[in-house]
>>> print(open('entry_36.csv').read())   # CSV, C-alpha atoms
chain,number,residue,atom,x,y,z
Y,1,MET,CA,-110.6,110.0,105.3
Y,2,PHE,CA,-111.2,106.5,106.5
Y,3,ARG,CA,-109.7,105.0,103.3
Y,4,THR,CA,-106.6,107.2,103.9
Y,5,LYS,CA,-106.2,105.8,107.4
Y,6,ILE,CA,-106.4,102.3,106.0
Y,7,TYR,CA,-103.7,103.2,103.5
Y,8,ILE,CA,-101.5,104.5,106.3
Y,9,ILE,CA,-101.9,101.3,108.3
Y,10,LEU,CA,-101.1,99.1,105.2
Y,11,SER,CA,-98.1,101.3,104.2
Y,12,ALA,CA,-96.7,101.3,107.8
Y,13,LEU,CA,-97.0,97.5,107.8
Y,14,GLY,CA,-95.3,97.2,104.4
Y,15,ALA,CA,-92.5,99.5,105.5
Y,16,LEU,CA,-92.0,97.6,108.7
Y,17,LEU,CA,-92.1,94.2,107.1
Y,18,GLY,CA,-89.7,95.3,104.3
Y,19,ILE,CA,-87.1,96.6,106.6
Y,20,SER,CA,-87.4,93.7,109.0
Y,21,ALA,CA,-87.1,91.2,106.1
Y,22,PHE,CA,-84.0,93.1,104.9
Y,23,ILE,CA,-82.3,92.7,108.3
Y,24,CYS,CA,-83.4,89.1,108.6
Y,25,PHE,CA,-82.4,87.9,105.1
Y,26,CYS,CA,-79.2,89.9,104.8
Y,27,LEU,CA,-77.8,89.4,108.3
Y,28,VAL,CA,-79.3,86.1,109.5
Y,29,TYR,CA,-79.8,84.0,106.4
Y,30,ALA,CA,-77.2,85.6,104.0
Y,31,ASN,CA,-79.7,85.8,101.1
Y,32,VAL,CA,-78.6,89.3,100.0
Y,33,GLU,CA,-80.8,89.4,96.9
Y,34,ALA,CA,-84.0,88.8,98.8
Y,35,GLY,CA,-82.8,91.3,101.5
Y,36,MET,CA,-82.2,94.0,98.9
Y,37,TRP,CA,-85.7,93.5,97.2
Y,38,ALA,CA,-87.2,93.6,100.7
Y,39,LEU,CA,-85.4,96.9,101.5
Y,40,LEU,CA,-86.5,98.5,98.2
Y,41,SER,CA,-90.1,97.3,98.9
Y,42,GLY,CA,-89.9,98.9,102.4
Y,43,ILE,CA,-88.6,102.1,100.9
Y,44,HIS,CA,-91.5,102.3,98.4
Y,45,ALA,CA,-94.0,101.5,101.2
Y,46,GLY,CA,-92.3,104.1,103.5
Y,47,LEU,CA,-92.7,106.8,100.8
Y,48,SER,CA,-96.3,105.9,100.4
Y,49,LEU,CA,-96.7,106.2,104.2
Y,50,ILE,CA,-95.2,109.7,104.1
Y,51,LEU,CA,-97.5,110.8,101.3
Y,52,HIS,CA,-100.6,109.4,103.1
Y,53,CYS,CA,-99.7,111.1,106.4
Y,54,HIS,CA,-99.1,114.4,104.7
Y,55,TYR,CA,-102.4,114.1,102.8
Y,56,LEU,CA,-104.3,113.2,105.9
Y,57,GLU,CA,-102.8,116.3,107.8
Y,58,GLU,CA,-103.6,118.4,104.7
Y,59,SER,CA,-99.9,119.4,104.5
Y,60,LEU,CA,-99.1,117.7,101.2
Y,61,HIS,CA,-99.2,120.9,99.2
Y,62,VAL,CA,-96.9,122.6,101.7
Y,63,ASN,CA,-94.2,120.0,101.9
Y,64,PHE,CA,-94.2,118.6,98.3
Y,65,SER,CA,-94.2,120.5,95.1
Y,66,ARG,CA,-95.7,119.1,91.9
Y,67,LYS,CA,-92.2,118.3,90.6
Y,68,SER,CA,-91.2,116.4,93.7
Y,69,LEU,CA,-94.3,114.4,93.6
Y,70,GLN,CA,-93.6,113.6,89.9
Y,71,TYR,CA,-90.1,112.5,90.9
Y,72,ILE,CA,-91.5,110.2,93.6
Y,73,GLY,CA,-93.9,108.8,91.1
Y,74,ASP,CA,-91.0,108.2,88.7
Y,75,PHE,CA,-89.2,106.3,91.5
Y,76,GLY,CA,-92.4,104.2,92.0
Y,77,ILE,CA,-92.7,103.3,88.3
Y,78,VAL,CA,-89.0,102.3,88.2
Y,79,GLY,CA,-89.6,100.1,91.2
Y,80,PHE,CA,-92.7,98.6,89.5
Y,81,VAL,CA,-90.9,97.9,86.2
Y,82,SER,CA,-87.8,96.4,87.8
Y,83,GLY,CA,-89.9,94.4,90.2
Y,84,LEU,CA,-91.9,93.1,87.3
Y,85,ALA,CA,-88.8,92.1,85.4
Y,86,LEU,CA,-87.3,90.4,88.5
Y,87,THR,CA,-90.6,88.6,89.3
Y,88,LEU,CA,-90.7,87.2,85.7
Y,89,PHE,CA,-87.1,86.2,85.9
Y,90,TYR,CA,-87.5,84.4,89.2
Y,91,ILE,CA,-90.6,82.7,88.0
Y,92,PHE,CA,-88.6,81.4,85.0
Y,93,LEU,CA,-85.8,80.2,87.3
Y,94,GLU,CA,-88.3,78.5,89.6
Y,95,ILE,CA,-90.0,76.7,86.8
Y,96,TYR,CA,-86.6,75.7,85.2
Y,97,TYR,CA,-84.9,74.5,88.4
Y,98,LYS,CA,-87.9,73.4,90.5
Y,99,THR,CA,-86.2,74.4,93.8
Y,100,ASP,CA,-87.5,74.2,97.3
Y,101,ILE,CA,-87.9,77.1,99.7
Y,102,VAL,CA,-85.1,75.6,101.9
Y,103,PRO,CA,-82.2,76.3,102.2
Y,104,ILE,CA,-83.1,79.9,102.6
Y,105,GLN,CA,-79.7,81.1,101.5
Y,106,THR,CA,-80.3,80.1,98.0
Y,107,SER,CA,-84.1,80.1,97.9
Y,108,ILE,CA,-85.5,81.5,94.6
Y,109,ILE,CA,-89.0,81.5,96.0
Y,110,ILE,CA,-88.1,84.1,98.7
Y,111,ARG,CA,-86.5,86.3,96.1
Y,112,LEU,CA,-89.6,85.9,94.0
Y,113,VAL,CA,-91.9,87.0,96.8
Y,114,TRP,CA,-89.9,90.1,97.7
Y,115,SER,CA,-89.4,91.1,94.0
Y,116,PHE,CA,-93.2,90.8,93.7
Y,117,MET,CA,-93.6,93.0,96.8
Y,118,MET,CA,-91.3,95.6,95.3
Y,119,MET,CA,-93.4,95.5,92.1
Y,120,LYS,CA,-96.6,95.9,94.2
Y,121,TRP,CA,-95.3,98.8,96.3
Y,122,GLY,CA,-93.7,100.5,93.3
Y,123,LEU,CA,-97.1,100.5,91.5
Y,124,ALA,CA,-98.9,101.6,94.6
Y,125,LEU,CA,-96.5,104.5,95.0
Y,126,TYR,CA,-96.9,105.6,91.4
Y,127,LEU,CA,-100.7,105.4,91.6
Y,128,PHE,CA,-100.9,107.3,94.9
Y,129,THR,CA,-98.6,110.1,93.5
Y,130,LYS,CA,-100.9,110.4,90.5
Y,131,LYS,CA,-103.9,110.5,92.8
Y,132,TYR,CA,-102.4,113.3,94.9
Y,133,LEU,CA,-101.1,115.2,91.9
Y,134,ARG,CA,-104.8,115.6,90.9
Y,135,THR,CA,-105.5,117.4,94.1
Y,136,TYR,CA,-103.3,120.3,93.1
Y,137,ASN,CA,-105.3,123.2,91.6
Y,138,ASP,CA,-104.4,125.1,88.4
Y,139,HIS,CA,-102.8,128.0,90.3
Y,140,GLN,CA,-100.3,125.6,91.8
Y,141,LEU,CA,-99.6,124.1,88.4
Y,142,PHE,CA,-97.5,127.1,87.4
Y,143,SER,CA,-96.0,127.8,90.9
Y,144,GLU,CA,-93.2,125.7,92.3
Y,145,ASN,CA,-93.9,126.9,95.8
Y,146,PRO,CA,-97.7,127.3,96.3
Y,147,ASN,CA,-97.3,129.5,99.5
Y,148,ILE,CA,-95.7,132.4,97.6
Y,149,GLU,CA,-98.2,135.1,96.8
Y,150,GLU,CA,-97.8,136.9,93.5
Y,151,THR,CA,-97.5,140.7,93.5
>>> encode(input="entry_36.csv", output="structure tokens")
Amino acid sequence: MFRTKIYIILSALGALLGISAFICFCLVYANVEAGMWALLSGIHAGLSLILHCHYLEESLHVNFSRKSLQYIGDFGIVGFVSGLALTLFYIFLEIYYKTDIVPIQTSIIIRLVWSFMMMKWGLALYLFTKKYLRTYNDHQLFSENPNIEET
């Protein structure tokens, strides 16, 4: 219970920072790549926030079927893999070109940070969906809507 509340706070902070960084980097500094990775990071964190809130309110089984949780987990693993590939690519570029953090418009380091955050939140989303899928019982395994009673 306490751990879930901590997860809610961290996910809310991640979603807020991701969306704020998207607005900041895209509109103010014109670093569109960093802004896009920040937005995707915020989306992954926001989905984690939604899952944690429903789990805390014990409404996860009512609002999400097993299939929808699996799709959310798949979205998380895609975010993790693409974030990992981007992080490795930006590490290579940073080592090769040895750039500074300024000017922000062309900064590879800022892109590296937000691709890493996308990787982190993608992995977190995947792991949390797997955790919450384990809470479904065997009866719900064969039923798409767990609230429908069989006759």
>>> closest_residue(input="entry_36.csv", among="Y:Leu93, Y:Met36, Y:Ile43, Y:Ile77", to="Y:Ser115", atoms="all atoms listed in the file")
Y:Met36
>>> residues_around(input="entry_36.csv", residues="Y:Thr99", least_positions_apart="6", cutoff="8 Å", atoms="only C-alpha atoms", output="VMD selection string")
chain Y and resid 107 to 109
>>> residues_around(input="entry_36.csv", residues="stretch 54-61 of chain Y", least_positions_apart="2", cutoff="8 Å", atoms="all atoms listed in the file", output="JSON list (two decimals) with C-alpha atoms, keeping the file's coordinate frame")
[["chain", "number", "residue", "atom", "x", "y", "z"],
["Y", 1, "MET", "CA", -110.60, 110.00, 105.30],
["Y", 4, "THR", "CA", -106.60, 107.20, 103.90],
["Y", 5, "LYS", "CA", -106.20, 105.80, 107.40],
["Y", 50, "ILE", "CA", -95.20, 109.70, 104.10],
["Y", 51, "LEU", "CA", -97.50, 110.80, 101.30],
["Y", 52, "HIS", "CA", -100.60, 109.40, 103.10],
["Y", 63, "ASN", "CA", -94.20, 120.00, 101.90],
["Y", 64, "PHE", "CA", -94.20, 118.60, 98.30],
["Y", 65, "SER", "CA", -94.20, 120.50, 95.10],
["Y", 132, "TYR", "CA", -102.40, 113.30, 94.90],
["Y", 136, "TYR", "CA", -103.30, 120.30, 93.10],
["Y", 146, "PRO", "CA", -97.70, 127.30, 96.30]]
>>> residues_around(input="entry_36.csv", residues="Y:Tyr29", least_positions_apart="4", cutoff="8 Å", atoms="all atoms listed in the file", output="mmCIF file with C-alpha atoms, in the coordinates of the input")
data_model
loop_
_atom_site.group_PDB
_atom_site.id
_atom_site.type_symbol
_atom_site.label_atom_id
_atom_site.label_comp_id
_atom_site.auth_asym_id
_atom_site.auth_seq_id
_atom_site.Cartn_x
_atom_site.Cartn_y
_atom_site.Cartn_z
ATOM 1 C CA CYS Y 24 -83.400 89.100 108.600
ATOM 2 C CA PHE Y 25 -82.400 87.900 105.100
ATOM 3 C CA ILE Y 104 -83.100 79.900 102.600
ATOM 4 C CA GLN Y 105 -79.700 81.100 101.500
#
>>> atom_distance(input="entry_36.csv", atom1="atom CA of Y:Phe92", atom2="atom CA of Y:Ala124")
24.6 Å
>>> residues_around(input="entry_36.csv", residues="Y:Phe80", least_positions_apart="2", cutoff="12 Å", atoms="only C-alpha atoms", output="list of chain:residue names")
Y:Trp37, Y:Leu40, Y:Ser41, Y:His44, Y:Gly73, Y:Asp74, Y:Phe75, Y:Gly76, Y:Ile77, Y:Val78, Y:Ser82, Y:Gly83, Y:Leu84, Y:Ala85, Y:Leu86, Y:Thr87, Y:Ser115, Y:Phe116, Y:Met117, Y:Met118, Y:Met119, Y:Lys120, Y:Trp121, Y:Gly122, Y:Leu123, Y:Ala124, Y:Leu125, Y:Tyr126, Y:Leu127
>>> atom_distance(input="entry_36.csv", atom1="atom CA of Y:Pro103", atom2="atom CA of Y:Gly79")
27.2 Å
>>> closest_residue(input="entry_36.csv", among="Y:Leu112, Y:Ile91, Y:Leu69, Y:Ile23", to="Y:Gly35", atoms="all atoms listed in the file")
Y:Ile23
>>> atom_distance(input="entry_36.csv", atom1="atom CA of Y:Leu49", atom2="atom CA of Y:Val81")
20.7 Å
>>> closest_residue(input="entry_36.csv", among="Y:Cys53, Y:Ser11, Y:Asn137, Y:Glu94", to="Y:Ile110", atoms="all atoms listed in the file")
Y:Glu94
>>> closest_residue(input="entry_36.csv", among="Y:Leu133, Y:Ile72, Y:Leu39, Y:Leu88", to="Y:Ser20", atoms="only C-alpha atoms")
Y:Leu39
>>> closest_residue(input="entry_36.csv", among="Y:Lys98, Y:Ser48, Y:Asn31, Y:Phe128", to="Y:Ala12", atoms="only C-alpha atoms")
Y:Ser48
>>> decode(input="entry_36.csv", residues="stretch 89-113 of chain Y", atoms="N, CA, C and O atoms", output="PDB file, in the first residue's frame")
ATOM      1  N   PHE Y  89      22.847   5.072 -29.263  1.00  0.00           N
ATOM      2  CA  PHE Y  89      23.195   5.916 -30.407  1.00  0.00           C
ATOM      3  C   PHE Y  89      23.709   7.277 -29.951  1.00  0.00           C
ATOM      4  O   PHE Y  89      24.735   7.761 -30.452  1.00  0.00           O
ATOM      5  N   TYR Y  90      23.024   7.894 -28.987  1.00  0.00           N
ATOM      6  CA  TYR Y  90      23.460   9.208 -28.517  1.00  0.00           C
ATOM      7  C   TYR Y  90      24.760   9.125 -27.719  1.00  0.00           C
ATOM      8  O   TYR Y  90      25.561  10.063 -27.745  1.00  0.00           O
ATOM      9  N   ILE Y  91      24.995   8.017 -27.035  1.00  0.00           N
ATOM     10  CA  ILE Y  91      26.287   7.838 -26.356  1.00  0.00           C
ATOM     11  C   ILE Y  91      27.399   7.789 -27.397  1.00  0.00           C
ATOM     12  O   ILE Y  91      28.458   8.410 -27.231  1.00  0.00           O
ATOM     13  N   PHE Y  92      27.165   7.043 -28.471  1.00  0.00           N
ATOM     14  CA  PHE Y  92      28.156   6.981 -29.544  1.00  0.00           C
ATOM     15  C   PHE Y  92      28.417   8.372 -30.127  1.00  0.00           C
ATOM     16  O   PHE Y  92      29.574   8.762 -30.329  1.00  0.00           O
ATOM     17  N   LEU Y  93      27.333   9.112 -30.414  1.00  0.00           N
ATOM     18  CA  LEU Y  93      27.512  10.452 -30.978  1.00  0.00           C
ATOM     19  C   LEU Y  93      28.261  11.374 -30.024  1.00  0.00           C
ATOM     20  O   LEU Y  93      29.112  12.171 -30.448  1.00  0.00           O
ATOM     21  N   GLU Y  94      27.958  11.262 -28.746  1.00  0.00           N
ATOM     22  CA  GLU Y  94      28.619  12.120 -27.761  1.00  0.00           C
ATOM     23  C   GLU Y  94      30.109  11.780 -27.657  1.00  0.00           C
ATOM     24  O   GLU Y  94      30.951  12.676 -27.567  1.00  0.00           O
ATOM     25  N   ILE Y  95      30.450  10.515 -27.688  1.00  0.00           N
ATOM     26  CA  ILE Y  95      31.859  10.126 -27.633  1.00  0.00           C
ATOM     27  C   ILE Y  95      32.581  10.555 -28.911  1.00  0.00           C
ATOM     28  O   ILE Y  95      33.708  11.046 -28.870  1.00  0.00           O
ATOM     29  N   TYR Y  96      31.916  10.413 -30.047  1.00  0.00           N
ATOM     30  CA  TYR Y  96      32.542  10.717 -31.328  1.00  0.00           C
ATOM     31  C   TYR Y  96      32.750  12.220 -31.520  1.00  0.00           C
ATOM     32  O   TYR Y  96      33.814  12.660 -31.929  1.00  0.00           O
ATOM     33  N   TYR Y  97      31.713  13.019 -31.220  1.00  0.00           N
ATOM     34  CA  TYR Y  97      31.797  14.458 -31.476  1.00  0.00           C
ATOM     35  C   TYR Y  97      32.255  15.278 -30.274  1.00  0.00           C
ATOM     36  O   TYR Y  97      32.653  16.422 -30.432  1.00  0.00           O
ATOM     37  N   LYS Y  98      32.160  14.727 -29.060  1.00  0.00           N
ATOM     38  CA  LYS Y  98      32.569  15.420 -27.829  1.00  0.00           C
ATOM     39  C   LYS Y  98      31.968  16.829 -27.741  1.00  0.00           C
ATOM     40  O   LYS Y  98      32.659  17.823 -27.583  1.00  0.00           O
ATOM     41  N   THR Y  99      30.638  16.893 -27.816  1.00  0.00           N
ATOM     42  CA  THR Y  99      29.956  18.187 -27.797  1.00  0.00           C
ATOM     43  C   THR Y  99      29.655  18.631 -26.369  1.00  0.00           C
ATOM     44  O   THR Y  99      29.666  17.831 -25.430  1.00  0.00           O
ATOM     45  N   ASP Y 100      29.346  19.901 -26.249  1.00  0.00           N
ATOM     46  CA  ASP Y 100      28.932  20.462 -24.964  1.00  0.00           C
ATOM     47  C   ASP Y 100      27.416  20.430 -24.858  1.00  0.00           C
ATOM     48  O   ASP Y 100      26.716  20.148 -25.816  1.00  0.00           O
ATOM     49  N   ILE Y 101      26.918  20.790 -23.668  1.00  0.00           N
ATOM     50  CA  ILE Y 101      25.471  20.816 -23.464  1.00  0.00           C
ATOM     51  C   ILE Y 101      24.840  22.054 -24.097  1.00  0.00           C
ATOM     52  O   ILE Y 101      23.659  22.061 -24.409  1.00  0.00           O
ATOM     53  N   VAL Y 102      25.642  23.100 -24.304  1.00  0.00           N
ATOM     54  CA  VAL Y 102      25.143  24.292 -24.983  1.00  0.00           C
ATOM     55  C   VAL Y 102      25.764  24.369 -26.366  1.00  0.00           C
ATOM     56  O   VAL Y 102      26.915  23.976 -26.530  1.00  0.00           O
ATOM     57  N   PRO Y 103      25.091  24.789 -27.355  1.00  0.00           N
ATOM     58  CA  PRO Y 103      23.733  25.325 -27.396  1.00  0.00           C
ATOM     59  C   PRO Y 103      22.695  24.207 -27.256  1.00  0.00           C
ATOM     60  O   PRO Y 103      22.882  23.094 -27.750  1.00  0.00           O
ATOM     61  N   ILE Y 104      21.622  24.532 -26.595  1.00  0.00           N
ATOM     62  CA  ILE Y 104      20.593  23.549 -26.282  1.00  0.00           C
ATOM     63  C   ILE Y 104      19.892  23.050 -27.545  1.00  0.00           C
ATOM     64  O   ILE Y 104      19.466  21.910 -27.610  1.00  0.00           O
ATOM     65  N   GLN Y 105      19.816  23.865 -28.573  1.00  0.00           N
ATOM     66  CA  GLN Y 105      19.135  23.470 -29.809  1.00  0.00           C
ATOM     67  C   GLN Y 105      19.775  22.244 -30.454  1.00  0.00           C
ATOM     68  O   GLN Y 105      19.089  21.440 -31.071  1.00  0.00           O
ATOM     69  N   THR Y 106      21.060  22.084 -30.327  1.00  0.00           N
ATOM     70  CA  THR Y 106      21.761  20.968 -30.954  1.00  0.00           C
ATOM     71  C   THR Y 106      22.418  20.036 -29.944  1.00  0.00           C
ATOM     72  O   THR Y 106      23.262  19.227 -30.310  1.00  0.00           O
ATOM     73  N   SER Y 107      22.039  20.124 -28.692  1.00  0.00           N
ATOM     74  CA  SER Y 107      22.686  19.358 -27.634  1.00  0.00           C
ATOM     75  C   SER Y 107      22.365  17.863 -27.738  1.00  0.00           C
ATOM     76  O   SER Y 107      21.196  17.456 -27.722  1.00  0.00           O
ATOM     77  N   ILE Y 108      23.391  17.070 -27.835  1.00  0.00           N
ATOM     78  CA  ILE Y 108      23.237  15.618 -27.853  1.00  0.00           C
ATOM     79  C   ILE Y 108      23.005  15.102 -26.433  1.00  0.00           C
ATOM     80  O   ILE Y 108      22.293  14.118 -26.230  1.00  0.00           O
ATOM     81  N   ILE Y 109      23.566  15.764 -25.454  1.00  0.00           N
ATOM     82  CA  ILE Y 109      23.452  15.315 -24.060  1.00  0.00           C
ATOM     83  C   ILE Y 109      22.004  15.366 -23.591  1.00  0.00           C
ATOM     84  O   ILE Y 109      21.528  14.448 -22.910  1.00  0.00           O
ATOM     85  N   ILE Y 110      21.280  16.406 -23.954  1.00  0.00           N
ATOM     86  CA  ILE Y 110      19.875  16.513 -23.549  1.00  0.00           C
ATOM     87  C   ILE Y 110      19.052  15.423 -24.229  1.00  0.00           C
ATOM     88  O   ILE Y 110      18.179  14.806 -23.609  1.00  0.00           O
ATOM     89  N   ARG Y 111      19.335  15.143 -25.482  1.00  0.00           N
ATOM     90  CA  ARG Y 111      18.665  14.041 -26.170  1.00  0.00           C
ATOM     91  C   ARG Y 111      18.990  12.708 -25.500  1.00  0.00           C
ATOM     92  O   ARG Y 111      18.120  11.843 -25.379  1.00  0.00           O
ATOM     93  N   LEU Y 112      20.236  12.553 -25.086  1.00  0.00           N
ATOM     94  CA  LEU Y 112      20.664  11.343 -24.400  1.00  0.00           C
ATOM     95  C   LEU Y 112      19.910  11.154 -23.091  1.00  0.00           C
ATOM     96  O   LEU Y 112      19.424  10.055 -22.784  1.00  0.00           O
ATOM     97  N   VAL Y 113      19.766  12.217 -22.334  1.00  0.00           N
ATOM     98  CA  VAL Y 113      19.072  12.139 -21.044  1.00  0.00           C
ATOM     99  C   VAL Y 113      17.616  11.723 -21.238  1.00  0.00           C
ATOM    100  O   VAL Y 113      17.107  10.839 -20.552  1.00  0.00           O
TER     101      VAL Y 113
END
